[in-house]
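For reference, run.tsv (TSV, C-alpha atoms):
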```tsv
chain	number	residue	atom	x	y	z
C	599	MET	CA	-27.34	-7.63	-34.86
C	600	GLN	CA	-25.54	-4.73	-33.16
C	601	PRO	CA	-23.60	-5.77	-30.04
C	602	SER	CA	-24.64	-3.90	-26.91
C	603	LEU	CA	-22.24	-1.64	-25.07
C	604	LEU	CA	-22.63	-3.72	-21.91
C	605	ILE	CA	-21.96	-7.10	-23.55
C	606	THR	CA	-19.00	-5.78	-25.51
C	607	SER	CA	-17.57	-4.10	-22.42
C	608	LEU	CA	-17.89	-7.26	-20.34
C	609	LYS	CA	-15.97	-9.21	-22.98
C	610	MET	CA	-13.25	-6.58	-23.10
C	611	MET	CA	-12.95	-6.66	-19.31
C	612	ARG	CA	-11.08	-9.95	-19.72
C	613	ASN	CA	-8.15	-8.08	-21.25
C	614	LYS	CA	-5.14	-8.24	-18.94
C	615	GLN	CA	-4.38	-4.54	-19.43
C	616	ILE	CA	-7.93	-3.48	-18.55
C	617	LYS	CA	-7.72	-5.53	-15.37
C	618	LYS	CA	-5.07	-3.08	-14.19
C	619	ILE	CA	-7.64	-0.25	-14.24
C	620	PRO	CA	-9.84	0.12	-11.13
C	621	LYS	CA	-13.37	-1.17	-11.77
C	622	LYS	CA	-14.83	2.14	-10.59
C	623	THR	CA	-12.86	3.94	-13.31
C	624	ILE	CA	-13.97	1.43	-15.96
C	625	PHE	CA	-17.65	1.84	-15.19
C	626	SER	CA	-17.18	5.59	-15.11
C	627	LEU	CA	-15.61	5.40	-18.57
C	628	LEU	CA	-18.62	3.49	-19.90
C	629	THR	CA	-20.78	6.56	-19.36
C	630	VAL	CA	-18.56	8.46	-21.80
C	631	PHE	CA	-19.34	5.92	-24.53
C	632	LYS	CA	-23.11	6.19	-24.18
C	633	ASN	CA	-23.42	7.93	-27.55
C	634	GLU	CA	-21.50	5.27	-29.47
C	635	ARG	CA	-22.44	2.19	-31.41
C	636	PHE	CA	-20.32	-0.89	-31.97
C	637	VAL	CA	-20.08	-2.69	-35.31
C	638	ASN	CA	-19.87	-6.43	-35.93
C	639	PHE	CA	-17.57	-7.21	-38.84
C	640	ASP	CA	-15.62	-10.30	-39.87
C	641	ASN	CA	-16.06	-11.95	-36.44
C	642	LYS	CA	-14.71	-8.83	-34.76
C	643	ILE	CA	-16.21	-5.82	-33.02
C	644	LEU	CA	-15.25	-2.27	-33.92
C	645	PHE	CA	-15.76	0.99	-32.10
C	646	SER	CA	-14.48	3.06	-35.02
C	647	VAL	CA	-11.85	3.04	-37.75
C	648	HIS	CA	-9.79	5.04	-35.27
C	649	LEU	CA	-9.40	2.04	-33.00
C	650	PRO	CA	-8.29	-1.54	-33.72
C	651	PRO	CA	-10.96	-4.27	-33.76
C	652	TYR	CA	-11.73	-6.54	-30.82
C	653	PRO	CA	-10.24	-9.05	-30.30
C	654	SER	CA	-6.78	-8.30	-31.70
C	655	LYS	CA	-3.21	-7.85	-30.57
C	656	ALA	CA	-3.49	-4.26	-31.81
C	657	LEU	CA	-6.36	-3.53	-29.41
C	658	ASP	CA	-4.35	-5.03	-26.56
C	659	ARG	CA	-1.67	-2.45	-27.36
C	660	PHE	CA	-4.30	0.30	-27.31
C	661	PHE	CA	-5.22	-0.67	-23.75
C	662	GLU	CA	-1.54	-0.83	-22.86
C	663	ALA	CA	-1.08	2.69	-24.24
C	664	GLY	CA	-3.94	3.88	-22.03
C	665	ILE	CA	-2.25	2.43	-18.95
C	666	LYS	CA	1.04	4.11	-19.87
C	667	ALA	CA	-0.74	7.44	-20.38
C	668	THR	CA	-2.00	7.31	-16.79
C	669	GLU	CA	1.62	6.86	-15.76
C	670	GLY	CA	2.71	9.93	-17.73
C	671	VAL	CA	4.20	8.03	-20.68
C	672	ASN	CA	2.79	8.98	-24.10
C	673	ILE	CA	3.24	6.86	-27.21
C	674	PRO	CA	2.35	7.50	-30.87
C	675	GLY	CA	-0.69	5.22	-30.82
C	676	ILE	CA	-2.16	6.32	-34.16
C	677	VAL	CA	0.13	7.12	-37.09
C	678	ASN	CA	-1.14	8.55	-40.37
C	679	ILE	CA	1.35	8.25	-43.23
C	680	ALA	CA	1.02	10.00	-46.59
C	681	VAL	CA	2.84	7.60	-48.90
C	682	THR	CA	2.61	9.72	-52.06
C	683	HIS	CA	2.07	13.22	-53.43
C	684	GLN	CA	0.39	11.75	-56.49
C	685	CYS	CA	-3.31	12.38	-57.07
C	686	ARG	CA	-5.49	12.74	-60.15
C	687	TYR	CA	-8.05	14.86	-58.30
C	688	HIS	CA	-8.15	18.51	-57.23
C	689	CYS	CA	-10.42	18.43	-54.19
C	690	TRP	CA	-11.70	21.74	-52.83
C	691	HIS	CA	-10.80	20.86	-49.23
C	692	CYS	CA	-7.52	18.96	-49.74
C	693	SER	CA	-5.34	19.28	-46.63
C	694	ALA	CA	-2.22	17.69	-48.17
C	695	SER	CA	0.89	19.81	-48.45
C	696	PRO	CA	1.78	21.25	-51.86
C	697	LYS	CA	3.55	18.71	-54.06
C	698	LYS	CA	7.23	19.34	-53.39
C	699	GLY	CA	9.22	16.45	-54.77
C	700	GLU	CA	9.72	12.73	-55.06
C	701	ASP	CA	7.83	10.28	-52.88
C	702	LEU	CA	9.63	8.77	-49.93
C	703	PRO	CA	11.70	5.65	-50.68
C	704	LEU	CA	10.03	2.36	-49.76
C	705	LYS	CA	12.77	1.52	-47.27
C	706	THR	CA	12.31	4.85	-45.46
C	707	ILE	CA	8.59	4.22	-45.03
C	708	ILE	CA	9.02	0.61	-43.89
C	709	ASP	CA	11.79	1.54	-41.45
C	710	ALA	CA	9.57	4.26	-39.97
C	711	ILE	CA	6.65	1.86	-39.67
C	712	GLN	CA	8.78	-0.69	-37.83
C	713	LYS	CA	10.11	1.98	-35.44
C	714	PHE	CA	6.60	3.25	-34.72
C	715	GLN	CA	5.43	-0.30	-34.05
C	716	ASP	CA	8.31	-0.85	-31.67
C	717	MET	CA	7.24	2.35	-29.86
C	718	GLY	CA	3.70	1.01	-29.40
C	719	THR	CA	1.66	2.16	-32.42
C	720	TYR	CA	-1.58	0.21	-32.63
C	721	LEU	CA	-3.16	1.80	-35.72
C	722	PHE	CA	-1.86	3.03	-39.08
C	723	SER	CA	-3.84	5.06	-41.59
C	724	ILE	CA	-2.29	5.18	-45.05
C	725	THR	CA	-3.09	8.37	-46.94
C	726	GLY	CA	-1.75	10.55	-49.72
C	727	GLY	CA	-2.38	12.08	-52.24
C	728	GLU	CA	-4.04	8.98	-53.54
C	729	PRO	CA	-2.21	6.06	-51.88
C	730	LEU	CA	-3.39	3.59	-54.52
C	731	LEU	CA	-1.18	5.37	-57.07
C	732	ARG	CA	1.88	4.13	-55.20
C	733	GLU	CA	2.99	0.96	-57.00
C	734	ASP	CA	4.54	-0.63	-53.90
C	735	LEU	CA	1.55	0.01	-51.62
C	736	ILE	CA	1.09	-3.74	-51.14
C	737	GLU	CA	4.64	-4.01	-49.76
C	738	ILE	CA	3.98	-1.11	-47.37
C	739	ILE	CA	0.80	-2.72	-46.04
C	740	ALA	CA	2.49	-6.12	-45.74
C	741	SER	CA	5.30	-4.61	-43.63
C	742	ILE	CA	2.81	-3.82	-40.83
C	743	ASP	CA	2.53	-6.85	-38.55
C	744	ASP	CA	-0.43	-7.77	-36.35
C	745	ARG	CA	0.69	-5.49	-33.53
C	746	SER	CA	-1.14	-2.75	-35.45
C	747	SER	CA	-4.36	-2.49	-37.43
C	748	VAL	CA	-4.25	-0.70	-40.78
C	749	PHE	CA	-6.68	1.29	-42.93
C	750	VAL	CA	-6.28	3.06	-46.26
C	751	PHE	CA	-7.95	6.41	-46.95
C	752	THR	CA	-8.76	6.64	-50.66
C	753	SER	CA	-10.94	8.31	-53.25
C	754	GLY	CA	-11.52	4.89	-54.80
C	755	TYR	CA	-9.39	5.75	-57.82
C	756	GLY	CA	-7.52	2.60	-58.82
C	757	LEU	CA	-9.26	0.32	-56.32
C	758	THR	CA	-9.81	-2.53	-58.73
C	759	GLN	CA	-11.13	-5.89	-57.62
C	760	GLU	CA	-7.66	-7.38	-58.01
C	761	LYS	CA	-6.04	-4.58	-55.99
C	762	ALA	CA	-8.62	-4.88	-53.21
C	763	LEU	CA	-7.98	-8.61	-52.91
C	764	GLU	CA	-4.22	-8.06	-52.84
C	765	LEU	CA	-4.57	-5.44	-50.11
C	766	LYS	CA	-6.73	-7.75	-48.03
C	767	LYS	CA	-4.20	-10.56	-48.40
C	768	ALA	CA	-1.39	-8.17	-47.40
C	769	GLY	CA	-3.13	-7.45	-44.09
C	770	LEU	CA	-5.34	-4.42	-44.76
C	771	PHE	CA	-8.37	-4.36	-42.47
C	772	GLY	CA	-10.44	-1.67	-44.12
C	773	VAL	CA	-10.76	1.35	-46.38
C	774	MET	CA	-12.26	4.80	-45.90
C	775	LEU	CA	-13.62	6.13	-49.19
C	776	SER	CA	-14.21	9.85	-49.67
C	777	LEU	CA	-17.75	11.02	-50.43
C	778	ASP	CA	-18.05	14.75	-51.10
C	779	HIS	CA	-21.69	14.69	-52.14
C	780	TYR	CA	-24.54	12.25	-52.70
C	781	ASN	CA	-25.18	13.86	-56.10
C	782	PRO	CA	-22.68	12.37	-58.60
C	783	GLU	CA	-22.31	15.57	-60.63
C	784	ILE	CA	-21.67	17.72	-57.55
C	785	HIS	CA	-19.26	15.10	-56.18
C	786	ASP	CA	-17.27	15.20	-59.44
C	787	THR	CA	-17.19	19.01	-59.38
C	788	LEU	CA	-15.98	19.13	-55.78
C	789	ARG	CA	-13.32	16.53	-56.58
C	790	GLY	CA	-12.25	18.33	-59.75
C	791	TYR	CA	-12.46	15.14	-61.79
C	792	ASN	CA	-15.09	13.78	-64.17
C	793	GLY	CA	-15.95	10.22	-63.20
C	794	ALA	CA	-14.87	10.59	-59.57
C	795	TYR	CA	-18.25	9.38	-58.30
C	796	ASP	CA	-18.13	6.29	-60.54
C	797	ASN	CA	-14.64	5.54	-59.19
C	798	PHE	CA	-15.99	5.94	-55.66
C	799	ILE	CA	-18.85	3.48	-56.25
C	800	THR	CA	-16.53	0.98	-57.95
C	801	GLY	CA	-14.11	1.26	-55.05
C	802	VAL	CA	-16.86	0.55	-52.51
C	803	ARG	CA	-18.03	-2.53	-54.39
C	804	ASN	CA	-14.55	-3.92	-54.93
C	805	ALA	CA	-13.63	-3.39	-51.27
C	806	GLN	CA	-16.77	-5.23	-50.21
C	807	HIS	CA	-16.00	-8.07	-52.61
C	808	ALA	CA	-12.60	-8.42	-50.92
C	809	GLN	CA	-14.34	-8.44	-47.50
C	810	LEU	CA	-12.66	-5.25	-46.35
C	811	TYR	CA	-14.31	-3.03	-43.74
C	812	VAL	CA	-15.87	-0.15	-45.68
C	813	GLY	CA	-16.30	3.31	-44.24
C	814	LEU	CA	-17.18	6.56	-45.97
C	815	SER	CA	-15.71	9.93	-45.05
C	816	CYS	CA	-17.29	13.25	-45.92
C	817	VAL	CA	-16.84	16.93	-45.14
C	818	ILE	CA	-20.06	18.55	-43.94
C	819	THR	CA	-20.27	22.16	-45.07
C	820	LYS	CA	-22.48	25.01	-43.94
C	821	GLU	CA	-24.56	24.51	-47.09
C	822	ILE	CA	-25.13	20.83	-46.37
C	823	LEU	CA	-26.28	21.65	-42.84
C	824	GLN	CA	-28.51	24.51	-43.99
C	825	ASN	CA	-30.26	22.15	-46.41
C	826	ASN	CA	-30.31	19.31	-43.87
C	827	GLU	CA	-28.49	17.17	-46.45
C	828	GLN	CA	-26.43	15.28	-43.89
C	829	TRP	CA	-29.37	12.86	-43.98
C	830	LYS	CA	-28.77	12.29	-47.69
C	831	MET	CA	-25.12	11.48	-47.00
C	832	LEU	CA	-26.17	9.03	-44.30
C	833	GLU	CA	-28.74	7.43	-46.61
C	834	THR	CA	-26.08	7.06	-49.31
C	835	ALA	CA	-23.91	5.14	-46.84
C	836	GLN	CA	-26.90	2.96	-45.95
C	837	ASN	CA	-27.72	2.25	-49.60
C	838	LEU	CA	-24.10	1.23	-50.21
C	839	SER	CA	-24.10	-1.07	-47.15
C	840	ALA	CA	-21.12	0.73	-45.62
C	841	GLN	CA	-20.18	-0.20	-42.07
C	842	GLU	CA	-19.53	3.39	-41.00
C	843	ILE	CA	-19.73	6.98	-42.16
C	844	MET	CA	-17.44	9.70	-40.80
C	845	MET	CA	-18.47	13.33	-40.91
C	846	PHE	CA	-15.68	15.89	-40.66
C	847	GLU	CA	-16.06	19.64	-40.46
C	848	PRO	CA	-14.15	21.89	-42.88
C	849	THR	CA	-10.75	22.85	-41.51
C	850	PRO	CA	-8.69	25.87	-42.63
C	851	ALA	CA	-5.80	23.72	-43.82
C	852	GLY	CA	-4.21	23.04	-47.17
C	853	GLU	CA	-6.44	24.50	-49.88
C	854	LEU	CA	-8.56	26.18	-47.20
C	855	PHE	CA	-5.76	27.60	-45.06
C	856	ASN	CA	-6.72	31.20	-45.80
C	857	ASP	CA	-10.48	30.64	-45.91
C	858	ASP	CA	-12.36	31.62	-42.76
C	859	THR	CA	-15.75	31.24	-44.42
C	860	CYS	CA	-15.53	27.44	-44.35
C	861	VAL	CA	-15.37	27.21	-40.54
C	862	LEU	CA	-18.57	26.04	-38.86
C	863	SER	CA	-20.16	28.17	-36.17
C	864	ILE	CA	-20.73	26.90	-32.64
C	865	ASP	CA	-24.40	26.31	-33.47
C	866	GLU	CA	-23.54	24.42	-36.68
C	867	ARG	CA	-21.06	22.28	-34.85
C	868	ARG	CA	-23.66	21.55	-32.18
C	869	GLN	CA	-26.10	20.53	-34.92
C	870	LEU	CA	-23.63	17.90	-36.09
C	871	VAL	CA	-22.93	16.71	-32.55
C	872	ASP	CA	-26.66	16.28	-31.92
C	873	PHE	CA	-26.95	14.36	-35.20
C	874	HIS	CA	-24.23	11.96	-34.00
C	875	LYS	CA	-26.08	11.27	-30.76
C	876	GLN	CA	-29.45	10.93	-32.45
C	877	ILE	CA	-28.35	8.35	-35.02
C	878	ASN	CA	-26.22	6.22	-32.70
C	879	LYS	CA	-28.53	6.20	-29.69
C	880	LYS	CA	-32.11	5.95	-30.95
C	881	ARG	CA	-33.32	2.48	-31.84
C	882	LYS	CA	-35.33	3.65	-34.85
C	883	TYR	CA	-32.08	4.68	-36.57
C	884	LYS	CA	-30.31	1.33	-36.15
C	885	LYS	CA	-30.86	0.66	-39.86
C	886	TYR	CA	-28.20	3.25	-40.65
C	887	PRO	CA	-24.44	2.61	-40.51
C	888	LYS	CA	-22.48	3.73	-37.48
C	889	LEU	CA	-22.05	7.50	-37.53
C	890	SER	CA	-18.78	9.09	-36.39
C	891	VAL	CA	-18.95	12.88	-36.17
C	892	PHE	CA	-15.59	14.53	-35.58
C	893	PRO	CA	-16.88	17.69	-33.90
C	894	TYR	CA	-18.22	15.30	-31.23
C	895	TYR	CA	-15.08	13.16	-30.99
C	896	GLU	CA	-12.86	16.23	-30.75
C	897	SER	CA	-14.94	17.93	-28.09
C	898	GLU	CA	-14.40	18.19	-24.35
C	899	GLU	CA	-17.46	15.98	-23.98
C	900	PHE	CA	-15.62	12.98	-25.42
C	901	MET	CA	-12.02	12.37	-26.56
C	902	GLY	CA	-10.95	15.85	-27.56
C	903	CYS	CA	-7.97	16.52	-29.82
C	904	THR	CA	-4.99	14.17	-29.51
C	905	ALA	CA	-2.85	15.68	-32.28
C	906	GLY	CA	0.78	15.35	-31.22
C	907	TYR	CA	-0.28	13.67	-27.98
C	908	SER	CA	-1.07	10.19	-29.28
C	909	LEU	CA	-1.63	11.00	-32.96
C	910	VAL	CA	1.19	11.51	-35.48
C	911	TYR	CA	1.20	12.45	-39.14
C	912	VAL	CA	4.08	11.84	-41.54
C	913	ASP	CA	3.51	13.86	-44.71
C	914	ALA	CA	4.61	12.82	-48.19
C	915	ASP	CA	7.90	14.72	-47.77
C	916	GLY	CA	8.72	12.82	-44.57
C	917	ASN	CA	7.95	15.68	-42.17
C	918	LEU	CA	6.63	14.70	-38.74
C	919	ARG	CA	3.51	16.70	-37.87
C	920	PRO	CA	0.80	16.56	-35.16
C	921	CYS	CA	-1.98	15.63	-37.61
C	922	ASP	CA	-2.98	15.77	-41.27
C	923	PHE	CA	-4.53	19.24	-40.84
C	924	THR	CA	-1.90	20.94	-38.68
C	925	PRO	CA	0.94	22.49	-40.74
C	926	LEU	CA	3.55	22.37	-37.99
C	927	ILE	CA	6.83	20.54	-38.63
C	928	PHE	CA	9.08	18.99	-35.99
C	929	GLY	CA	11.68	17.42	-38.27
C	930	ASN	CA	12.00	14.89	-41.06
C	931	ILE	CA	12.21	11.09	-40.80
C	932	GLN	CA	14.85	11.06	-43.57
C	933	GLN	CA	17.17	13.18	-41.45
C	934	GLU	CA	16.51	12.28	-37.80
C	935	PRO	CA	15.46	9.16	-35.88
C	936	VAL	CA	11.69	8.77	-35.57
C	937	GLU	CA	12.02	8.29	-31.81
C	938	ASP	CA	13.78	11.65	-31.40
C	939	LEU	CA	11.25	13.48	-33.55
C	940	TRP	CA	8.38	12.03	-31.55
C	941	GLN	CA	9.91	13.17	-28.27
C	942	LYS	CA	10.44	16.70	-29.61
C	943	MET	CA	6.88	17.01	-30.82
C	944	ASN	CA	5.25	15.28	-27.86
C	945	SER	CA	7.02	17.62	-25.46
C	946	MET	CA	4.94	20.40	-27.05
C	947	PHE	CA	1.75	18.30	-27.07
C	948	ASN	CA	2.03	16.45	-23.77
C	949	LYS	CA	-1.70	16.67	-22.95
C	950	PRO	CA	-4.88	16.00	-24.94
C	951	ARG	CA	-6.93	19.11	-25.72
C	952	ALA	CA	-10.63	19.83	-25.34
C	953	PHE	CA	-10.93	21.21	-28.89
C	954	CYS	CA	-9.29	20.82	-32.29
C	955	PHE	CA	-5.82	22.38	-32.10
C	956	MET	CA	-5.94	23.57	-35.72
C	957	LEU	CA	-9.37	25.18	-35.47
C	958	GLU	CA	-8.31	26.93	-32.29
C	959	ASN	CA	-4.97	28.24	-33.55
C	960	TYR	CA	-5.09	28.67	-37.34
C	961	ASN	CA	-5.05	32.48	-37.08
C	962	LEU	CA	-1.93	32.30	-34.91
C	963	MET	CA	-0.30	30.00	-37.50
C	964	ARG	CA	-1.14	32.45	-40.30
C	965	GLN	CA	0.36	35.30	-38.31
C	966	ILE	CA	3.57	33.50	-37.42
C	967	GLY	CA	3.87	31.68	-40.75
C	968	ASN	CA	3.46	34.90	-42.76
C	969	GLY	CA	2.58	32.98	-45.93
C	970	GLU	CA	4.75	29.93	-45.20
C	971	TYR	CA	2.94	26.58	-45.42
C	972	PRO	CA	3.70	24.26	-43.74
C	973	LEU	CA	5.57	26.23	-41.12
C	974	SER	CA	9.26	25.65	-40.40
C	975	ARG	CA	10.36	23.88	-37.22
C	976	GLU	CA	11.33	27.19	-35.63
C	977	LYS	CA	7.96	28.78	-36.37
C	978	SER	CA	6.17	25.58	-35.33
C	979	LEU	CA	7.82	25.79	-31.91
C	980	GLU	CA	6.81	29.44	-31.65
C	981	VAL	CA	3.18	28.54	-32.35
C	982	CYS	CA	3.24	25.89	-29.62
C	983	GLN	CA	4.81	28.29	-27.13
C	984	ARG	CA	2.23	31.00	-27.84
C	985	CYS	CA	-0.96	28.95	-28.18
C	986	PRO	CA	-3.35	29.01	-25.22
C	987	SER	CA	-3.59	26.10	-22.82
C	988	SER	CA	-6.60	23.80	-22.95
C	989	ASP	CA	-8.86	21.86	-20.65
C	990	ILE	CA	-8.58	18.04	-20.54
C	991	PRO	CA	-11.29	16.06	-22.41
C	992	ARG	CA	-13.76	14.08	-20.36
C	993	ILE	CA	-12.50	10.60	-21.23
C	994	TYR	CA	-8.97	11.46	-20.05
C	995	LYS	CA	-10.24	13.05	-16.88
C	996	LYS	CA	-11.98	9.75	-16.13
C	997	LEU	CA	-8.56	8.07	-16.47
C	998	GLY	CA	-7.08	10.50	-13.98
C	999	ILE	CA	-5.01	12.47	-16.52
C	1000	THR	CA	-4.82	16.13	-15.51
```
Show me the file's structure as structure tokens.
Amino acid sequence: MQPSLLITSLKMMRNKQIKKIPKKTIFSLLTVFKNERFVNFDNKILFSVHLPPYPSKALDRFFEAGIKATEGVNIPGIVNIAVTHQCRYHCWHCSASPKKGEDLPLKTIIDAIQKFQDMGTYLFSITGGEPLLREDLIEIIASIDDRSSVFVFTSGYGLTQEKALELKKAGLFGVMLSLDHYNPEIHDTLRGYNGAYDNFITGVRNAQHAQLYVGLSCVITKEILQNNEQWKMLETAQNLSAQEIMMFEPTPAGELFNDDTCVLSIDERRQLVDFHKQINKKRKYKKYPKLSVFPYYESEEFMGCTAGYSLVYVDADGNLRPCDFTPLIFGNIQQEPVEDLWQKMNSMFNKPRAFCFMLENYNLMRQIGNGEYPLSREKSLEVCQRCPSSDIPRIYKKLGIT
């Protein structure tokens, strides 16, 4: 049975950090979450893979981060780390940087994780490349203590039953498996690998056997929307008994950096936002998994874009960037302290934005980068100095952040 927003909220009200927030503000915040659905899993309640489960020490730190934000102190709450360049696939929309060299040493990654945790990070997402190709992935996961929740984003390649059980034992809470299309042949074509769909299905089953939270992530194209096939993607998630399905929009990053045709129109984005509200709110759709549509999350109506504000991405070369899709570099964790790099980047991203930073500024990045990808630190600073200001998303306005 799905927990209600009211019951879940009342339970969370017991948190000592929430008690510091005026009750009027809390009830005002509840109105922002009216289009969401909570998920029961493993005796915990989840809002999304982008937040730790309740109850947990990691969620307590999320609330603490919210309190600090109202006081003008920003922390890297969510950290995405690409632990390898390696990947057997050639996905049409891959946002990872071109493969430049050796993967980061294990010690470098673990040291960075510990520093981020000490700074207040409550959630890690481990990405790549294909993170399962990294032989010491178990050690990386095990280095993250219970102050933070951790997910792995994977294609399913290499997610054997044994590996899934080892990851669970090491402390992994869940996996997000990539689904490019409900049709196996089209999925394989879009992934550039024969058998990719079979690997995806095997990965889902093995993750479920290990009692990991299972979410699916997919990129919704213009063609999918025109054919109303987002329903097929949702039904695939239902048939696989996934807990959640995330729907991203194509972003002009990585392989798509110079492709304007992939970008959704305002009407197409609105279509996805309406789909999010429809599935999560109406009782007749409760049979489906929780739906998380990024054009809704990253809108002024909800949380907006927090790239560089509370979200951090460390690419496979060790570069600190605002998010996986934004090719701006503020330094490298192999050369400078993580704390210093965060301060440099956050000074440029000291407020949340009402729309995706990358979608709003990719033309400016192309102009300044002049073929360079990702951009150098100097050019990254120039982009930040020249990009337009943004309104504050609704949820942060409710918290009094202006």
Residues near Thr752 in chain C, cut-off 8 Å, only C-alpha atoms, skip fewer than 3 positions along chain, as number ranges by chain: C: 725, 728-730, 755, 773-776
What gap, in Å, lies between CA of Ile711 in chain C and CA of Phe639 in chain C?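 Pair CA of Ile711 in chain C / CA of Phe639 in chain C returns 25.9 Å.
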Please provide the set of residues having any atom within 9 Å of range 878-884 of chain C, restricted to all atoms listed in the file, with same-chain residues fewer than 3 positions apart removed, written as a PyMOL selection string. chain C and resi 600+632-635+873-875+887-890
Within 12 Å of range 921-943 of chain C, which residues of range 779-896 of chain C come that close, and what is the closest atom pair and distance in Å for each? Count only C-alpha atoms and give it as CSV.
```
residue,atom,partner,partner_atom,distance
C:Phe846,CA,C:Phe923,CA,11.6
C:Glu847,CA,C:Phe923,CA,11.5
C:Pro848,CA,C:Phe923,CA,10.2
C:Thr849,CA,C:Phe923,CA,7.2
C:Pro850,CA,C:Phe923,CA,8.0
C:Ala851,CA,C:Phe923,CA,5.5
C:Gly852,CA,C:Phe923,CA,7.4
C:Glu853,CA,C:Phe923,CA,10.6
C:Leu854,CA,C:Phe923,CA,10.2
C:Phe855,CA,C:Phe923,CA,9.4
```
Find the distance between CA of Asn781 in chain C and CA of Phe751 in chain C and write it in Å to one decimal.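 Interatomic distance, CA of Asn781 in chain C to CA of Phe751 in chain C: 20.9 Å.
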Residue with smallest distance to His785 in chain C - pool C:Ser987, C:Gln809, C:Ser753, C:Thr800, counting only C-alpha atoms: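 So, comparing all the options, the nearest one is C:Ser753.
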Under the rule of at most 9 Å, produce a per-residue listing of range 725-786 of chain C near range 652-676 of chain C: chain, number, name, the closest pair of atoms, and the distance in Å, as a tab-separated table, using only C-alpha atoms.
```
residue	atom	partner	partner_atom	distance
C:Asp744	CA	C:Lys655	CA	6.4
C:Arg745	CA	C:Ala656	CA	4.7
C:Ser746	CA	C:Ala656	CA	4.6
C:Ser747	CA	C:Ala656	CA	6.0
```
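Excluding Val630 in chain C and any residue on its chain fewer than 5 positions from it, the residues at most 8 Å away by all atoms listed in the file are Glu899, Phe900, Arg992 and Ile993 of chain C.
Proximity to Val891 in chain C was assessed for C:Asn826, C:Pro920, C:Glu958, C:Val817 counting only C-alpha atoms; the smallest distance is recorded for C:Val817.
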Residue nearest Leu777 in chain C among C:Gln806, C:Thr834, C:Asn917, C:Ser741 (counting all atoms listed in the file):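 Checking each candidate against Leu777 in chain C, we get C:Thr834 as the closest.
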Select, from C:Tyr960, C:Trp690, C:Phe645, C:Phe722, the residue with the minimum atom-to-atom distance to Ile742 in chain C, counting all atoms listed in the file.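 Result for the nearest residue to Ile742 in chain C: C:Phe722.
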Tell me, in Å to one decimal, how far CA of Leu770 in chain C is from CA of Ser723 in chain C. 10.1 Å
